[in-house]
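J.: Structure provided below as structure tokens; questions to follow.
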Amino acid sequence: MKKTKLRYFTCRNVDPLSDISVLHFKHEFNHYKHPEEERHVRNFYKITLIAKGNGILFCNNREFPIGPGTLFLAHPDDLTSYRILSGYLEIYDVLFKENLLREYRTESRELLPVLQEGFRPDSDASHLLLLKGKREMTRLIRLMYGEMRSNSPEHSQIETAYLRVLLLYLERERRNQNRENNSEKFVRLVRDAIESEYRTGFCFQTLAEKAGVSPAHLGRIFHRASGMSISEALKKHRLQVAADLLSNSGDSVSTIAFRSGFHDPSTFFREFRKEYGMTPLAYRGNYGIK
């Protein structure tokens, strides 16, 4: 997004007599005249659920695509606006004040960074918790809105209790996101090691230490993501290298076996035939340079 001078406005949508409000509304297509330039901050935290419609969320210096089911948590100091790409955006907003977090902060085991006391948003919005809302979370937000409309004597207490549960759901989703991100990072680490060290092999223990997990855990993560063990992936890569050398070089089969990481020619012959259904020499005859 190109740099531009931002103008921002302060929203004060929480009922001054209440610490929590739940809003349900529609923003029409042209609601935000200049969304790239005009942003909003607020004197409350905001959990937003996009019920219908599509658009772009501007948060600080980042843009995020949003659509039905998108859910995000914004800090009071986040600079936000929308570019609406459909006829309208139907939105639920759960707005709550800082003081509702005092007790929650002392009891939460994995407090979301954005809710921590003294937190200040990053310009790149890397802190923004944005996810596809699970059914239980979207249902909970609608229940909170129903309580808001009921205006019963207990509605504020019930909404506060629901908010606590909703924040716990968000903590769990963030933990799951981190786990998925770590899994991708670990798989990439293994694949990079295989590609760079296939000739000599690599020490699983050293690789696991680099990842900060046990060798068994690293193996489980890789198997879950790739459908094969690290040893199988290493062997497969070596065989692919060998097949390429057989097709594109005039080296002897024994030399190719060593160049591709096999230090026992008989093992190489056996594994190559198992993988490609023919001997290395037959492979060269079929696919080598004519």
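Scheme for the structure tokens: letters A, B, ... for chains in order shown; per-chain residue numbers from 1; ligand numbers from 1 in order shown.
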What residues in stretch 82-248 of chain A get the DSSP label strand (DSSP E or B)? Please answer as a list in words.
T.: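 Selection result, strand (DSSP E or B) within stretch 82-248 of chain A: Tyr82, Arg83, Ile84, Tyr88, Leu89, Glu90, Ile91, Tyr92, Asp93, Val94, Leu95, Phe96, Leu129, Leu130, Leu131 and Lys132 of chain A.
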J.: Can you write out the residues you just picked, keeping all heavy atoms, as a CSV table (one decimal), in the first residue's frame?
T.:
```csv
chain,number,residue,atom,x,y,z
A,82,TYR,N,-12.5,0.4,6.3
A,82,TYR,CA,-12.8,-0.6,5.3
A,82,TYR,C,-13.0,0.0,3.9
A,82,TYR,O,-13.5,1.1,3.7
A,82,TYR,CB,-14.2,-1.3,5.6
A,82,TYR,CG,-14.3,-1.9,7.0
A,82,TYR,CD1,-15.0,-1.3,8.0
A,82,TYR,CD2,-13.7,-3.2,7.3
A,82,TYR,CE1,-15.1,-1.9,9.3
A,82,TYR,CE2,-13.9,-3.8,8.5
A,82,TYR,CZ,-14.6,-3.1,9.5
A,82,TYR,OH,-14.7,-3.7,10.7
A,83,ARG,N,-12.5,-0.8,2.9
A,83,ARG,CA,-13.0,-0.6,1.6
A,83,ARG,C,-14.0,-1.7,1.3
A,83,ARG,O,-13.6,-2.9,1.3
A,83,ARG,CB,-11.8,-0.6,0.6
A,83,ARG,CG,-12.3,-0.4,-0.9
A,83,ARG,CD,-11.2,-0.7,-1.9
A,83,ARG,NE,-10.0,0.1,-1.7
A,83,ARG,CZ,-8.8,-0.4,-1.9
A,83,ARG,NH1,-8.6,-1.6,-2.2
A,83,ARG,NH2,-7.8,0.4,-1.7
A,84,ILE,N,-15.2,-1.3,1.0
A,84,ILE,CA,-16.3,-2.3,0.8
A,84,ILE,C,-16.3,-2.7,-0.7
A,84,ILE,O,-16.4,-1.8,-1.5
A,84,ILE,CB,-17.6,-1.7,1.3
A,84,ILE,CG1,-17.5,-1.4,2.8
A,84,ILE,CG2,-18.7,-2.7,1.0
A,84,ILE,CD1,-18.7,-0.7,3.3
A,88,TYR,N,-22.7,-4.3,0.5
A,88,TYR,CA,-22.6,-3.8,1.9
A,88,TYR,C,-21.8,-4.8,2.7
A,88,TYR,O,-21.5,-5.9,2.2
A,88,TYR,CB,-24.0,-3.7,2.5
A,88,TYR,CG,-24.8,-5.0,2.5
A,88,TYR,CD1,-24.7,-5.8,3.7
A,88,TYR,CD2,-25.6,-5.4,1.5
A,88,TYR,CE1,-25.3,-7.1,3.7
A,88,TYR,CE2,-26.3,-6.6,1.6
A,88,TYR,CZ,-26.2,-7.4,2.7
A,88,TYR,OH,-26.8,-8.6,2.7
A,89,LEU,N,-21.4,-4.4,3.9
A,89,LEU,CA,-20.8,-5.3,4.9
A,89,LEU,C,-21.8,-5.4,6.0
A,89,LEU,O,-22.2,-4.3,6.6
A,89,LEU,CB,-19.5,-4.7,5.4
A,89,LEU,CG,-18.2,-4.9,4.5
A,89,LEU,CD1,-17.0,-4.3,5.2
A,89,LEU,CD2,-18.0,-6.4,4.2
A,90,GLU,N,-22.2,-6.6,6.4
A,90,GLU,CA,-23.0,-6.8,7.6
A,90,GLU,C,-22.0,-7.2,8.7
A,90,GLU,O,-21.2,-8.1,8.5
A,90,GLU,CB,-24.0,-7.9,7.4
A,90,GLU,CG,-24.9,-8.1,8.6
A,90,GLU,CD,-25.9,-9.2,8.4
A,90,GLU,OE1,-26.1,-9.7,7.3
A,90,GLU,OE2,-26.6,-9.6,9.5
A,91,ILE,N,-22.1,-6.4,9.8
A,91,ILE,CA,-21.0,-6.5,10.8
A,91,ILE,C,-21.6,-6.7,12.2
A,91,ILE,O,-22.7,-6.0,12.5
A,91,ILE,CB,-20.1,-5.3,10.8
A,91,ILE,CG1,-19.4,-5.2,9.5
A,91,ILE,CG2,-19.1,-5.3,12.0
A,91,ILE,CD1,-18.6,-3.9,9.3
A,92,TYR,N,-21.0,-7.5,13.0
A,92,TYR,CA,-21.3,-7.5,14.5
A,92,TYR,C,-20.0,-7.0,15.1
A,92,TYR,O,-18.9,-7.5,14.8
A,92,TYR,CB,-21.5,-8.9,15.0
A,92,TYR,CG,-22.9,-9.5,14.6
A,92,TYR,CD1,-23.1,-10.2,13.4
A,92,TYR,CD2,-24.0,-9.4,15.5
A,92,TYR,CE1,-24.3,-10.7,13.1
A,92,TYR,CE2,-25.2,-9.9,15.2
A,92,TYR,CZ,-25.4,-10.6,14.0
A,92,TYR,OH,-26.6,-11.1,13.7
A,93,ASP,N,-20.2,-6.1,16.0
A,93,ASP,CA,-19.0,-5.5,16.8
A,93,ASP,C,-19.3,-5.8,18.3
A,93,ASP,O,-20.3,-5.4,18.8
A,93,ASP,CB,-18.9,-4.0,16.6
A,93,ASP,CG,-18.0,-3.7,15.4
A,93,ASP,OD1,-17.3,-4.5,14.9
A,93,ASP,OD2,-18.2,-2.5,14.9
A,94,VAL,N,-18.3,-6.4,18.9
A,94,VAL,CA,-18.3,-6.6,20.4
A,94,VAL,C,-17.3,-5.5,20.9
A,94,VAL,O,-16.1,-5.7,20.7
A,94,VAL,CB,-17.9,-8.0,20.8
A,94,VAL,CG1,-17.9,-8.1,22.4
A,94,VAL,CG2,-18.9,-9.0,20.2
A,95,LEU,N,-17.8,-4.5,21.6
A,95,LEU,CA,-17.0,-3.4,22.1
A,95,LEU,C,-16.9,-3.5,23.6
A,95,LEU,O,-17.9,-3.6,24.3
A,95,LEU,CB,-17.6,-2.1,21.7
A,95,LEU,CG,-18.2,-2.0,20.2
A,95,LEU,CD1,-18.9,-0.6,20.0
A,95,LEU,CD2,-17.1,-2.2,19.2
A,96,PHE,N,-15.7,-3.5,24.1
A,96,PHE,CA,-15.5,-3.6,25.6
A,96,PHE,C,-14.4,-2.7,26.1
A,96,PHE,O,-13.4,-2.5,25.3
A,96,PHE,CB,-15.3,-5.0,26.0
A,96,PHE,CG,-14.2,-5.7,25.4
A,96,PHE,CD1,-12.9,-5.8,26.0
A,96,PHE,CD2,-14.3,-6.3,24.1
A,96,PHE,CE1,-11.9,-6.5,25.5
A,96,PHE,CE2,-13.2,-6.9,23.5
A,96,PHE,CZ,-12.0,-7.1,24.2
A,129,LEU,N,-5.0,-10.2,15.4
A,129,LEU,CA,-5.5,-11.5,15.4
A,129,LEU,C,-6.7,-11.5,14.4
A,129,LEU,O,-7.8,-11.0,14.7
A,129,LEU,CB,-6.0,-12.0,16.7
A,129,LEU,CG,-6.5,-13.4,16.8
A,129,LEU,CD1,-5.5,-14.4,16.5
A,129,LEU,CD2,-7.1,-13.7,18.2
A,130,LEU,N,-6.5,-12.1,13.2
A,130,LEU,CA,-7.5,-12.2,12.2
A,130,LEU,C,-7.6,-13.6,11.7
A,130,LEU,O,-6.7,-14.3,11.4
A,130,LEU,CB,-7.1,-11.3,11.0
A,130,LEU,CG,-8.1,-11.1,9.9
A,130,LEU,CD1,-8.0,-9.7,9.3
A,130,LEU,CD2,-7.9,-12.1,8.8
A,131,LEU,N,-8.9,-14.1,11.8
A,131,LEU,CA,-9.1,-15.6,11.5
A,131,LEU,C,-10.5,-15.8,11.0
A,131,LEU,O,-11.3,-14.9,10.9
A,131,LEU,CB,-8.8,-16.4,12.8
A,131,LEU,CG,-9.5,-15.9,14.1
A,131,LEU,CD1,-10.9,-16.5,14.2
A,131,LEU,CD2,-8.7,-16.3,15.3
A,132,LYS,N,-10.7,-17.0,10.5
A,132,LYS,CA,-12.0,-17.5,10.1
A,132,LYS,C,-12.7,-17.9,11.4
A,132,LYS,O,-12.4,-18.9,12.0
A,132,LYS,CB,-11.9,-18.6,9.1
A,132,LYS,CG,-13.2,-19.0,8.5
A,132,LYS,CD,-13.6,-18.0,7.4
A,132,LYS,CE,-14.9,-18.6,6.7
A,132,LYS,NZ,-15.4,-17.6,5.7
```
J.: Could you list, as a VMD selection string, every residue within 7 Å of stretch 159-170 of chain A, counting only C-alpha atoms and ignoring same-chain residues fewer than 4 positions away?
T.: chain A and resid 137 140 144 147 155 174
J.: Any chance you could export the current selection's C-alpha atoms as a PDB file, in the first residue's frame?
T.:
```
ATOM      1  CA  MET A 137     -17.542 -18.076  18.228  1.00  0.00           C
ATOM      2  CA  LEU A 140     -21.557 -16.668  20.879  1.00  0.00           C
ATOM      3  CA  MET A 144     -24.290 -11.553  23.082  1.00  0.00           C
ATOM      4  CA  GLU A 147     -28.709 -10.322  25.359  1.00  0.00           C
ATOM      5  CA  HIS A 155     -27.840  -8.702  30.375  1.00  0.00           C
ATOM      6  CA  ARG A 174      -4.165 -18.077  18.261  1.00  0.00           C
TER       7      ARG A 174
END
```
J.: Among stretch 47-122 of chain A, which residues carry a DSSP assignment of alpha helix (DSSP H), reported as a list in words?
T.: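 After running DSSP on the backbone, stretch 47-122 of chain A has alpha helix (DSSP H) at Leu101, Arg102, Glu103, Tyr104, Arg105, Thr106 and Glu107 of chain A.
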J.: Could those selected residues go to a file with N, CA, C and O atoms, as a compact mmCIF listing (two decimals), in the first residue's frame?
T.:
```
# COMPACT_ATOMS: atom_id res chain seq x y z
N LEU A 101 -10.77 -6.12 31.49
CA LEU A 101 -9.63 -7.02 31.33
C LEU A 101 -8.82 -7.20 32.61
O LEU A 101 -7.95 -8.07 32.66
N ARG A 102 -9.07 -6.41 33.61
CA ARG A 102 -8.22 -6.45 34.81
C ARG A 102 -8.19 -7.83 35.45
O ARG A 102 -7.13 -8.39 35.70
N GLU A 103 -9.36 -8.38 35.69
CA GLU A 103 -9.41 -9.71 36.31
C GLU A 103 -8.98 -10.78 35.31
O GLU A 103 -8.26 -11.71 35.67
N TYR A 104 -9.39 -10.63 34.07
CA TYR A 104 -9.06 -11.62 33.05
C TYR A 104 -7.54 -11.73 32.87
O TYR A 104 -7.01 -12.82 32.68
N ARG A 105 -6.83 -10.61 32.94
CA ARG A 105 -5.38 -10.64 32.77
C ARG A 105 -4.69 -11.46 33.85
O ARG A 105 -3.67 -12.10 33.60
N THR A 106 -5.22 -11.43 35.04
CA THR A 106 -4.57 -12.17 36.13
C THR A 106 -4.83 -13.67 36.05
O THR A 106 -4.06 -14.46 36.59
N GLU A 107 -5.89 -14.08 35.36
CA GLU A 107 -6.27 -15.48 35.33
C GLU A 107 -5.92 -16.19 34.02
O GLU A 107 -5.82 -17.41 33.99
```
J.: Can you work out the spacing between atom CA of A:Thr80 and atom CA of A:Leu57 in Å, to one decimal?
T.: 7.0 Å
J.: Using only C-alpha atoms, which protein or nucleic acid residues come within 10 Å of A:Ile256? Drop anything in the same chain fewer than 5 positions from it, and give the result as a ChimeraX atom specification.
T.: /A:241-246,249-251,261-262,265,268,280
J.: Please indicate the distance in Å from atom CA of A:Ser196 to atom CA of A:Ile230, rounded to one decimal place.
T.: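 Pair atom CA of A:Ser196 / atom CA of A:Ile230 returns 14.2 Å.
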J.: Within 6 Å of stretch 72-76 of chain A, counting only C-alpha atoms, which residues qualify if same-chain residues fewer than 2 places away don't, as a PyMOL selection string?
T.: chain A and resi 41-48+78+129-130
J.: For stretch 269-272 of chain A, find every residue with an atom within 9 Å (counting only C-alpha atoms), except residues of its own chain fewer than 3 positions away, and show them as a PyMOL selection string.
T.: chain A and resi 235+239+242-243+257+264-266+275-280
J.: Check the smallest atom-to-atom distance from each of A:Ser226, A:Ser214, A:Ser156, A:Asn151 to A:Glu184 using only C-alpha atoms, then report the winner.
T.: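 Closest residue, counting only C-alpha atoms: A:Ser226.
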J.: I want to know what sits within 12 Å of A:Asp192, based on only C-alpha atoms, with residues of the same chain fewer than 2 positions away left out; could you give that as a PDB file with N, CA, C and O atoms, in the first residue's frame?
T.:
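The resulting file, around14.pdb, is shown below:
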```pdb
ATOM      1  N   LYS A 185       7.114 -23.970   9.502  1.00  0.00           N
ATOM      2  CA  LYS A 185       8.525 -23.594   9.672  1.00  0.00           C
ATOM      3  C   LYS A 185       9.397 -24.830   9.840  1.00  0.00           C
ATOM      4  O   LYS A 185      10.480 -24.932   9.237  1.00  0.00           O
ATOM      5  N   PHE A 186       8.923 -25.805  10.629  1.00  0.00           N
ATOM      6  CA  PHE A 186       9.709 -27.026  10.853  1.00  0.00           C
ATOM      7  C   PHE A 186       9.836 -27.842   9.558  1.00  0.00           C
ATOM      8  O   PHE A 186      10.907 -28.378   9.256  1.00  0.00           O
ATOM      9  N   VAL A 187       8.748 -27.949   8.802  1.00  0.00           N
ATOM     10  CA  VAL A 187       8.785 -28.703   7.548  1.00  0.00           C
ATOM     11  C   VAL A 187       9.756 -28.041   6.572  1.00  0.00           C
ATOM     12  O   VAL A 187      10.540 -28.714   5.899  1.00  0.00           O
ATOM     13  N   ARG A 188       9.720 -26.724   6.504  1.00  0.00           N
ATOM     14  CA  ARG A 188      10.637 -26.002   5.616  1.00  0.00           C
ATOM     15  C   ARG A 188      12.087 -26.199   6.050  1.00  0.00           C
ATOM     16  O   ARG A 188      12.984 -26.363   5.214  1.00  0.00           O
ATOM     17  N   LEU A 189      12.312 -26.228   7.361  1.00  0.00           N
ATOM     18  CA  LEU A 189      13.659 -26.456   7.888  1.00  0.00           C
ATOM     19  C   LEU A 189      14.183 -27.827   7.461  1.00  0.00           C
ATOM     20  O   LEU A 189      15.341 -27.963   7.032  1.00  0.00           O
ATOM     21  N   VAL A 190      13.325 -28.855   7.551  1.00  0.00           N
ATOM     22  CA  VAL A 190      13.727 -30.211   7.162  1.00  0.00           C
ATOM     23  C   VAL A 190      14.010 -30.269   5.664  1.00  0.00           C
ATOM     24  O   VAL A 190      15.034 -30.817   5.227  1.00  0.00           O
ATOM     25  N   ILE A 194      17.491 -31.230   3.798  1.00  0.00           N
ATOM     26  CA  ILE A 194      17.588 -32.343   2.851  1.00  0.00           C
ATOM     27  C   ILE A 194      18.230 -31.867   1.548  1.00  0.00           C
ATOM     28  O   ILE A 194      19.131 -32.519   0.997  1.00  0.00           O
ATOM     29  N   GLU A 195      17.788 -30.714   1.044  1.00  0.00           N
ATOM     30  CA  GLU A 195      18.290 -30.218  -0.231  1.00  0.00           C
ATOM     31  C   GLU A 195      19.755 -29.802  -0.162  1.00  0.00           C
ATOM     32  O   GLU A 195      20.480 -29.915  -1.152  1.00  0.00           O
ATOM     33  N   SER A 196      20.184 -29.320   0.997  1.00  0.00           N
ATOM     34  CA  SER A 196      21.565 -28.825   1.100  1.00  0.00           C
ATOM     35  C   SER A 196      22.547 -29.879   1.609  1.00  0.00           C
ATOM     36  O   SER A 196      23.750 -29.763   1.386  1.00  0.00           O
ATOM     37  N   GLU A 197      22.035 -30.927   2.297  1.00  0.00           N
ATOM     38  CA  GLU A 197      22.943 -31.872   2.941  1.00  0.00           C
ATOM     39  C   GLU A 197      22.698 -33.321   2.519  1.00  0.00           C
ATOM     40  O   GLU A 197      23.147 -34.247   3.201  1.00  0.00           O
ATOM     41  N   TYR A 198      21.993 -33.523   1.402  1.00  0.00           N
ATOM     42  CA  TYR A 198      21.645 -34.899   1.019  1.00  0.00           C
ATOM     43  C   TYR A 198      22.866 -35.757   0.712  1.00  0.00           C
ATOM     44  O   TYR A 198      22.825 -36.973   0.846  1.00  0.00           O
ATOM     45  N   PHE A 202      22.327 -35.737   7.377  1.00  0.00           N
ATOM     46  CA  PHE A 202      22.373 -34.777   8.471  1.00  0.00           C
ATOM     47  C   PHE A 202      21.945 -35.461   9.753  1.00  0.00           C
ATOM     48  O   PHE A 202      21.274 -36.489   9.729  1.00  0.00           O
ATOM     49  N   LEU A 207      19.354 -31.229  13.923  1.00  0.00           N
ATOM     50  CA  LEU A 207      18.251 -30.538  13.257  1.00  0.00           C
ATOM     51  C   LEU A 207      17.125 -30.239  14.243  1.00  0.00           C
ATOM     52  O   LEU A 207      16.552 -29.150  14.237  1.00  0.00           O
ATOM     53  N   ILE A 230      11.141 -38.418   7.725  1.00  0.00           N
ATOM     54  CA  ILE A 230      12.281 -37.628   7.256  1.00  0.00           C
ATOM     55  C   ILE A 230      13.248 -38.520   6.481  1.00  0.00           C
ATOM     56  O   ILE A 230      13.783 -38.119   5.439  1.00  0.00           O
ATOM     57  N   ALA A 233      11.861 -39.084   3.040  1.00  0.00           N
ATOM     58  CA  ALA A 233      11.988 -37.881   2.219  1.00  0.00           C
ATOM     59  C   ALA A 233      13.429 -37.693   1.752  1.00  0.00           C
ATOM     60  O   ALA A 233      13.672 -37.298   0.604  1.00  0.00           O
ATOM     61  N   LEU A 234      14.377 -37.982   2.631  1.00  0.00           N
ATOM     62  CA  LEU A 234      15.792 -37.876   2.268  1.00  0.00           C
ATOM     63  C   LEU A 234      16.142 -38.875   1.159  1.00  0.00           C
ATOM     64  O   LEU A 234      16.792 -38.520   0.163  1.00  0.00           O
ATOM     65  N   HIS A 237      14.624 -37.792  -2.177  1.00  0.00           N
ATOM     66  CA  HIS A 237      15.352 -36.685  -2.796  1.00  0.00           C
ATOM     67  C   HIS A 237      16.648 -37.192  -3.428  1.00  0.00           C
ATOM     68  O   HIS A 237      17.000 -36.789  -4.554  1.00  0.00           O
TER      69      HIS A 237
END
```
J.: Of the candidates A:Ala208, A:Cys203, A:Ile158, A:Leu71, which shows the shortest atom-to-atom distance to A:Phe222, using only C-alpha atoms?
T.: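 Among the listed residues, A:Ala208 lies closest to A:Phe222.
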